[in-house]
>>> print(open('coords_39.cif').read())   # mmCIF, C-alpha atoms and all ligand atoms
data_target
#
loop_
_atom_site.label_atom_id
_atom_site.label_comp_id
_atom_site.auth_asym_id
_atom_site.auth_seq_id
_atom_site.Cartn_x
_atom_site.Cartn_y
_atom_site.Cartn_z
CA MET S 1 -40.04 -21.19 11.34
CA ALA S 2 -38.70 -23.37 8.52
CA SER S 3 -38.91 -20.44 6.12
CA GLN S 4 -37.06 -18.19 8.63
CA GLU S 5 -34.28 -20.76 8.83
CA ALA S 6 -34.15 -21.02 5.06
CA GLU S 7 -33.99 -17.21 4.83
CA ALA S 8 -31.13 -17.07 7.39
CA MET S 9 -29.27 -19.82 5.54
CA PHE S 10 -29.68 -17.96 2.25
CA THR S 11 -28.42 -14.69 3.82
CA SER S 12 -25.35 -16.53 5.17
CA GLN S 13 -24.66 -18.11 1.79
CA VAL S 14 -24.86 -14.71 0.11
CA GLU S 15 -22.61 -13.05 2.70
CA ILE S 16 -19.98 -15.79 2.58
CA THR S 17 -20.06 -15.76 -1.23
CA GLN S 18 -19.49 -12.00 -1.16
CA LEU S 19 -16.52 -12.47 1.20
CA THR S 20 -15.13 -15.20 -1.06
CA PHE S 21 -15.26 -12.97 -4.08
CA GLY S 22 -13.72 -10.02 -2.20
CA LEU S 23 -10.69 -11.04 -4.24
CA VAL S 24 -12.44 -9.72 -7.34
CA ASP S 25 -12.63 -6.20 -5.87
CA SER S 26 -8.95 -6.31 -5.12
CA MET S 27 -8.03 -7.59 -8.60
CA ALA S 28 -10.26 -5.03 -10.33
CA LEU S 29 -8.45 -2.30 -8.38
CA LYS S 30 -5.11 -3.76 -9.41
CA CYS S 31 -6.26 -3.74 -13.04
CA ALA S 32 -7.29 -0.06 -12.74
CA VAL S 33 -3.87 0.87 -11.35
CA GLU S 34 -1.96 -1.30 -13.82
CA LEU S 35 -3.74 0.30 -16.80
CA ARG S 36 -3.64 3.75 -15.16
CA LEU S 37 -7.39 4.17 -15.78
CA ALA S 38 -7.71 7.02 -13.27
CA ASP S 39 -4.68 8.80 -14.77
CA ILE S 40 -6.13 8.49 -18.27
CA ILE S 41 -9.42 10.08 -17.19
CA ASN S 42 -7.56 12.67 -15.11
CA SER S 43 -5.39 13.69 -18.09
CA HIS S 44 -8.55 14.82 -19.95
CA GLY S 45 -9.69 16.97 -17.00
CA ARG S 46 -13.31 15.85 -17.50
CA PRO S 47 -15.38 12.63 -17.86
CA ILE S 48 -14.54 10.67 -21.02
CA SER S 49 -15.95 7.87 -23.17
CA LEU S 50 -14.88 4.24 -23.17
CA ALA S 51 -13.16 4.75 -26.53
CA GLN S 52 -11.12 7.62 -25.07
CA ILE S 53 -10.09 5.49 -22.09
CA ALA S 54 -9.17 2.66 -24.49
CA SER S 55 -7.01 4.95 -26.61
CA GLY S 56 -5.08 5.97 -23.48
CA ILE S 57 -4.18 2.34 -22.72
CA ASN S 58 -0.76 1.43 -24.00
CA SER S 59 -1.77 -1.51 -26.22
CA PRO S 60 -2.35 -1.99 -29.97
CA SER S 61 -5.14 -4.52 -29.33
CA THR S 62 -7.24 -3.21 -26.43
CA ASP S 63 -10.39 -5.32 -25.97
CA ILE S 64 -13.00 -2.60 -25.50
CA SER S 65 -15.80 -4.95 -24.41
CA TYR S 66 -13.53 -6.35 -21.68
CA LEU S 67 -12.68 -2.80 -20.64
CA ALA S 68 -16.43 -1.99 -20.55
CA ARG S 69 -17.02 -4.85 -18.12
CA ILE S 70 -14.21 -3.75 -15.82
CA MET S 71 -15.42 -0.14 -15.90
CA ARG S 72 -18.99 -1.27 -15.18
CA TYR S 73 -17.74 -3.26 -12.19
CA LEU S 74 -15.68 -0.35 -10.86
CA VAL S 75 -18.61 2.05 -11.31
CA ARG S 76 -20.83 -0.41 -9.43
CA LYS S 77 -18.22 -0.34 -6.64
CA GLU S 78 -18.35 3.49 -6.71
CA ILE S 79 -14.70 3.77 -7.78
CA PHE S 80 -15.55 5.71 -10.97
CA THR S 81 -18.63 7.68 -11.97
CA ALA S 82 -20.65 6.97 -15.11
CA HIS S 83 -23.11 9.32 -16.72
CA THR S 84 -25.27 8.34 -19.70
CA PRO S 85 -26.97 11.35 -21.34
CA SER S 86 -30.76 11.15 -21.62
CA ASP S 87 -30.48 11.64 -25.42
CA GLY S 88 -28.82 8.20 -25.65
CA GLY S 89 -25.31 9.57 -26.17
CA GLU S 90 -22.20 7.72 -25.04
CA THR S 91 -21.65 6.97 -21.35
CA LEU S 92 -18.93 9.20 -19.90
CA PHE S 93 -16.70 7.92 -17.10
CA GLY S 94 -15.36 10.34 -14.50
CA LEU S 95 -13.36 10.48 -11.30
CA ASN S 96 -14.68 10.73 -7.76
CA GLN S 97 -12.85 10.95 -4.44
CA LYS S 98 -11.96 7.24 -4.50
CA SER S 99 -10.57 7.19 -8.02
CA ARG S 100 -8.52 10.31 -7.27
CA VAL S 101 -6.41 8.30 -4.83
CA LEU S 102 -5.85 5.82 -7.68
CA THR S 103 -3.98 8.41 -9.74
CA ARG S 104 -0.23 7.74 -9.56
CA ASP S 105 2.01 10.55 -8.27
CA SER S 106 -0.89 12.61 -6.86
CA GLU S 107 -0.86 13.86 -3.29
CA GLY S 108 -2.71 11.18 -1.29
CA SER S 109 -2.27 8.47 -3.95
CA ILE S 110 -2.35 4.93 -2.57
CA THR S 111 -1.42 3.17 -5.80
CA SER S 112 1.90 1.97 -4.32
CA LEU S 113 0.01 0.02 -1.69
CA ILE S 114 -2.13 -1.65 -4.35
CA ILE S 115 0.94 -2.49 -6.46
CA MET S 116 2.72 -4.04 -3.48
CA GLN S 117 -0.27 -6.05 -2.35
CA HIS S 118 -0.57 -7.66 -5.80
CA ASN S 119 3.10 -8.39 -6.35
CA PRO S 120 2.97 -12.22 -6.81
CA CYS S 121 5.76 -12.73 -4.26
CA LEU S 122 3.73 -10.85 -1.68
CA LEU S 123 0.45 -12.53 -2.58
CA GLU S 124 1.75 -16.07 -2.26
CA PRO S 125 2.18 -16.09 1.56
CA TRP S 126 -1.54 -15.40 2.07
CA HIS S 127 -2.13 -19.02 1.02
CA ARG S 128 -0.04 -20.19 3.97
CA LEU S 129 -2.04 -18.86 6.93
CA GLY S 130 -3.55 -22.26 7.73
CA GLN S 131 -0.13 -23.89 7.49
CA CYS S 132 1.23 -21.31 9.97
CA ILE S 133 -1.48 -22.21 12.47
CA LYS S 134 -0.77 -25.93 12.08
CA GLU S 135 3.01 -25.69 12.23
CA GLY S 136 3.96 -22.23 13.53
CA GLY S 137 6.43 -20.08 11.60
CA THR S 138 5.78 -17.22 9.21
CA ALA S 139 3.67 -17.23 6.06
CA PHE S 140 6.42 -15.51 4.11
CA SER S 141 9.13 -18.03 4.92
CA LYS S 142 6.78 -20.92 4.14
CA ALA S 143 6.13 -19.44 0.70
CA HIS S 144 9.68 -18.37 -0.13
CA GLY S 145 12.06 -20.23 2.15
CA CYS S 146 13.35 -16.92 3.59
CA GLU S 147 11.97 -13.77 5.22
CA LEU S 148 10.81 -10.73 3.28
CA TRP S 149 13.94 -8.74 4.11
CA ASP S 150 16.20 -11.41 2.60
CA LEU S 151 14.10 -11.70 -0.53
CA ALA S 152 13.93 -7.89 -0.87
CA SER S 153 17.73 -7.66 -0.64
CA ARG S 154 17.97 -9.98 -3.69
CA ASN S 155 14.88 -8.93 -5.67
CA PRO S 156 14.84 -5.23 -6.66
CA VAL S 157 11.16 -5.30 -7.70
CA VAL S 158 10.03 -6.68 -4.33
CA ASN S 159 12.32 -4.16 -2.61
CA ARG S 160 10.90 -1.24 -4.60
CA ASP S 161 7.23 -2.33 -4.32
CA PHE S 162 7.47 -2.92 -0.56
CA ASN S 163 9.42 0.25 0.25
CA GLU S 164 7.20 2.46 -1.89
CA ALA S 165 4.05 1.02 -0.30
CA MET S 166 5.46 1.71 3.18
CA ALA S 167 6.41 5.24 2.16
CA CYS S 168 2.96 5.92 0.73
CA THR S 169 1.03 4.78 3.82
CA SER S 170 3.55 6.38 6.19
CA LYS S 171 3.11 9.79 4.64
CA ILE S 172 -0.65 9.58 5.21
CA THR S 173 -0.47 8.25 8.77
CA MET S 174 2.44 10.48 9.88
CA ARG S 175 0.65 13.63 8.79
CA ALA S 176 -2.40 12.53 10.77
CA ILE S 177 -0.26 11.63 13.82
CA LEU S 178 1.67 14.91 13.72
CA SER S 179 -1.49 16.97 13.49
CA HIS S 180 -2.62 15.57 16.86
CA TYR S 181 0.61 14.65 18.71
CA LYS S 182 1.69 18.14 19.66
CA ASP S 183 4.20 18.10 22.50
CA GLY S 184 6.21 14.89 22.20
CA PHE S 185 8.84 16.22 19.80
CA ASN S 186 9.35 19.64 21.44
CA ASN S 187 12.28 18.81 23.71
CA ILE S 188 14.46 16.64 21.51
CA ARG S 189 17.19 17.67 19.10
CA SER S 190 17.79 14.30 17.43
CA LEU S 191 15.49 11.43 16.53
CA VAL S 192 16.29 8.04 15.03
CA ASP S 193 13.57 6.13 13.19
CA VAL S 194 14.53 2.50 13.65
CA ALA S 195 13.41 0.34 10.70
CA GLY S 196 12.28 3.61 9.13
CA GLY S 197 12.06 2.33 5.56
CA MET S 198 12.99 5.03 3.06
CA GLY S 199 12.84 7.76 5.68
CA GLY S 200 9.43 9.29 5.01
CA ASN S 201 8.33 9.14 8.67
CA VAL S 202 11.31 10.98 10.12
CA ALA S 203 11.26 13.40 7.18
CA GLU S 204 7.69 14.36 8.14
CA VAL S 205 8.77 14.92 11.77
CA VAL S 206 11.71 17.08 10.69
CA ARG S 207 9.45 19.01 8.31
CA ALA S 208 7.19 19.86 11.28
CA TYR S 209 10.10 20.34 13.75
CA PRO S 210 13.05 21.70 11.70
CA LEU S 211 15.35 21.90 14.76
CA ILE S 212 15.39 18.10 15.04
CA LYS S 213 18.24 16.23 13.38
CA GLY S 214 16.60 13.18 11.82
CA ILE S 215 18.25 9.80 11.31
CA ASN S 216 16.61 7.13 9.24
CA PHE S 217 17.93 3.67 10.09
CA ASP S 218 17.12 0.57 8.03
CA LEU S 219 18.72 -2.37 6.24
CA PRO S 220 21.35 -1.54 3.57
CA HIS S 221 19.20 -2.52 0.54
CA VAL S 222 16.44 -0.18 1.78
CA VAL S 223 18.48 2.93 2.56
CA ALA S 224 20.38 2.44 -0.73
CA THR S 225 17.19 3.40 -2.59
CA ALA S 226 15.99 6.12 -0.18
CA PRO S 227 15.49 9.66 -1.46
CA THR S 228 17.32 12.63 0.05
CA TYR S 229 15.35 14.63 2.63
CA GLU S 230 16.53 17.92 4.08
CA GLY S 231 17.58 17.46 7.72
CA VAL S 232 17.60 13.63 7.50
CA SER S 233 20.62 11.35 7.24
CA HIS S 234 20.27 7.71 6.24
CA VAL S 235 22.19 5.06 8.18
CA ALA S 236 22.33 1.42 7.09
CA GLY S 237 22.54 -1.42 9.58
CA ASN S 238 20.87 -4.24 11.46
CA MET S 239 18.84 -3.07 14.45
CA PHE S 240 19.49 -6.34 16.26
CA GLU S 241 23.19 -5.48 16.34
CA THR S 242 23.32 -1.74 16.99
CA ILE S 243 21.34 1.43 16.34
CA PRO S 244 22.53 5.06 16.02
CA ASN S 245 22.47 7.28 19.11
CA ALA S 246 19.81 9.98 19.34
CA ASP S 247 17.74 11.80 21.98
CA ALA S 248 14.73 9.66 21.08
CA ILE S 249 13.90 6.48 19.18
CA PHE S 250 10.89 6.20 16.92
CA MET S 251 9.48 2.89 15.63
CA LYS S 252 6.41 2.24 13.53
CA VAL S 253 5.21 -1.06 12.13
CA SER S 254 1.78 -2.38 11.24
CA ALA S 255 0.12 -5.06 13.35
CA LEU S 256 -1.09 -6.71 10.15
CA LEU S 257 2.43 -6.97 8.79
CA GLU S 258 3.48 -8.41 12.13
CA ILE S 259 0.99 -11.24 11.63
CA PHE S 260 1.94 -11.72 8.02
CA PHE S 261 5.70 -11.57 8.17
CA GLY S 262 6.14 -12.58 11.80
CA LEU S 263 8.08 -9.38 12.48
CA LYS S 264 10.17 -9.87 15.59
CA LEU S 265 10.93 -6.24 16.31
CA LEU S 266 10.21 -6.09 20.00
CA GLN S 267 10.66 -9.68 21.08
CA GLN S 268 14.43 -9.82 20.65
C1 LIG S 301 6.81 -2.77 8.02
S1 LIG S 301 8.23 -1.91 7.43
C2 LIG S 301 7.96 -0.35 8.23
C3 LIG S 301 8.74 0.76 7.61
C4 LIG S 301 8.51 2.12 8.27
N1 LIG S 301 8.75 2.09 9.70
C5 LIG S 301 7.12 2.62 8.00
O1 LIG S 301 6.31 2.76 8.93
O2 LIG S 301 6.82 2.90 6.83
C6 LIG S 301 9.49 -2.67 8.41
C7 LIG S 301 10.88 -2.15 8.11
O3 LIG S 301 11.76 -2.86 8.97
C8 LIG S 301 13.00 -2.98 8.28
N2 LIG S 301 13.80 -4.02 8.94
C9 LIG S 301 13.54 -5.34 9.03
N3 LIG S 301 14.52 -5.96 9.71
C10 LIG S 301 15.41 -5.00 10.06
C11 LIG S 301 16.65 -5.04 10.78
N4 LIG S 301 17.12 -6.18 11.27
N5 LIG S 301 17.31 -3.88 10.97
C12 LIG S 301 16.83 -2.71 10.46
N6 LIG S 301 15.66 -2.62 9.78
C13 LIG S 301 14.96 -3.75 9.57
C14 LIG S 301 12.55 -3.33 6.88
O4 LIG S 301 13.58 -3.17 5.92
C15 LIG S 301 11.36 -2.40 6.70
O5 LIG S 301 11.74 -1.18 6.09
#
>>> encode(input="coords_39.cif", output="structure tokens", more="lines below")
Ligand SMILES: C[S@@+](CC[C@H](N)C(=O)[O-])C[C@H]1O[C@@H](n2cnc3c(N)ncnc32)[C@H](O)[C@@H]1O
Amino acid sequence: MASQEAEAMFTSQVEITQLTFGLVDSMALKCAVELRLADIINSHGRPISLAQIASGINSPSTDISYLARIMRYLVRKEIFTAHTPSDGGETLFGLNQKSRVLTRDSEGSITSLIIMQHNPCLLEPWHRLGQCIKEGGTAFSKAHGCELWDLASRNPVVNRDFNEAMACTSKITMRAILSHYKDGFNNIRSLVDVAGGMGGNVAEVVRAYPLIKGINFDLPHVVATAPTYEGVSHVAGNMFETIPNADAIFMKVSALLEIFFGLKLLQQ
């Protein structure tokens, strides 16, 4: 019995330790994106050696043994493949399905999400969850003295990182939604996406239903950086004051972001 208890205790210690160091996985991913490791391998079109990866990194003093440790970790996490020839030749590192989504600019890339998540301004509020429970309020305002939208309107890097991350995840989820949600858009001729970010959601709807006139509505600093989409007009404003008229309103936010930023979209 005592040994069973000791075994259970040990298992718990291991599991909690793994959870604690979950941060390492996240930071190793950030490092891979920052150094464009997947893009470097991808540019060769085949698995490559450590020295080839190192020569693709934009630095005159790359520490190859440090790189080896990061690559070993990412291989262990099944982010990259590694193949060592039986004749003792150099290990070659290649891409798999996971590392393909770590290539920038590729269809299905989720690098923008990783970049946003590790922006120091967006990391800081995670330290404030306990404080939010004790005192109420939002983690973001406790960390920065203002809400995300205010900071983004003053900080172009936060604005870009956040908007691009939203656009990247929206493209993936909207395509999945549209492939299953068949009839809802058939009878409307105009659609406004309220708090639509850079307009990717409504652009996907209009792409699938070209007769719909799409309106993307968001704060001025967001629509100012939005790309042009055929059939979509961008309108800047504050949804708590007024929103553009349309046959239907579309809204999409993440429950996680609601917890994190204390979004008050539907309560007001
Ligand atoms: C979590 S993001 C979601 C973006 C987009 N709907 C998507 O799914 O990718 C929330 C959006 O709400 C916008 N937002 C916040 N407050 C707003 C307001 N008062 N009026 C209009 N948009 C607002 C932000 O600028 C941001 O683009």
>>> residues_near_ligand(input="coords_39.cif", ligand="ligand LIG 301 (chain S)", cutoff="10 Å", atoms="only C-alpha atoms and all ligand atoms", output="VMD selection string")
chain S and resid 147 to 150 152 to 153 159 162 to 171 173 to 174 193 to 202 216 to 223 235 to 243 250 to 258 261 263 to 265
>>> closest_residue(input="coords_39.cif", among="S:Ser112, S:Ser179, S:Gln131, S:Gln52", to="Lys30 (chain S)", atoms="all atoms listed in the file")
S:Ser112
>>> atom_distance(input="coords_39.cif", atom1="CA of Met71 (chain S)", atom2="CA of Ala32 (chain S)")
8.7 Å
>>> atom_distance(input="coords_39.cif", atom1="CA of Gly145 (chain S)", atom2="CA of His127 (chain S)")
14.3 Å
>>> atom_distance(input="coords_39.cif", atom1="CA of Ala38 (chain S)", atom2="CA of Ser99 (chain S)")
6.0 Å
>>> residues_around(input="coords_39.cif", residues="Leu92 (chain S)", least_positions_apart="2", cutoff="8 Å", atoms="only C-alpha atoms", output="list in words")
Pro47, Ile48, Ser49, Leu50, Ala82, His83, Thr84, Glu90 and Gly94 of chain S
>>> residues_around(input="coords_39.cif", residues="region 66-69 of chain S", least_positions_apart="3", cutoff="12 Å", atoms="all atoms listed in the file", output="list in words")
Ala28, Cys31, Ala32, Leu35, Leu37, Ser49, Leu50, Ala51, Gln52, Ile53, Ala54, Ser55, Gly56, Ile57, Ser61, Thr62, Asp63, Arg72, Tyr73, Leu74, Val75, Arg76, Ala82, Thr91, Leu92 and Phe93 of chain S
>>> residues_around(input="coords_39.cif", residues="region 119-126 of chain S", least_positions_apart="3", cutoff="7 Å", atoms="only C-alpha atoms", output="list of chain:residue names")
S:Ile115, S:Met116, S:Leu129, S:Ala139, S:Phe140, S:Ala143
>>> closest_residue(input="coords_39.cif", among="S:Val33, S:Met9, S:Leu23, S:Val206", to="Asp105 (chain S)", atoms="only C-alpha atoms")
S:Val33
>>> axis_aligned_box(input="coords_39.cif", around="region 49-65 of chain S", padding_each_side="4 Å", output="JSON")
{"center_x": -8.4, "center_y": 1.3, "center_z": -26.0, "size_x": 23.2, "size_y": 21.2, "size_z": 15.9}
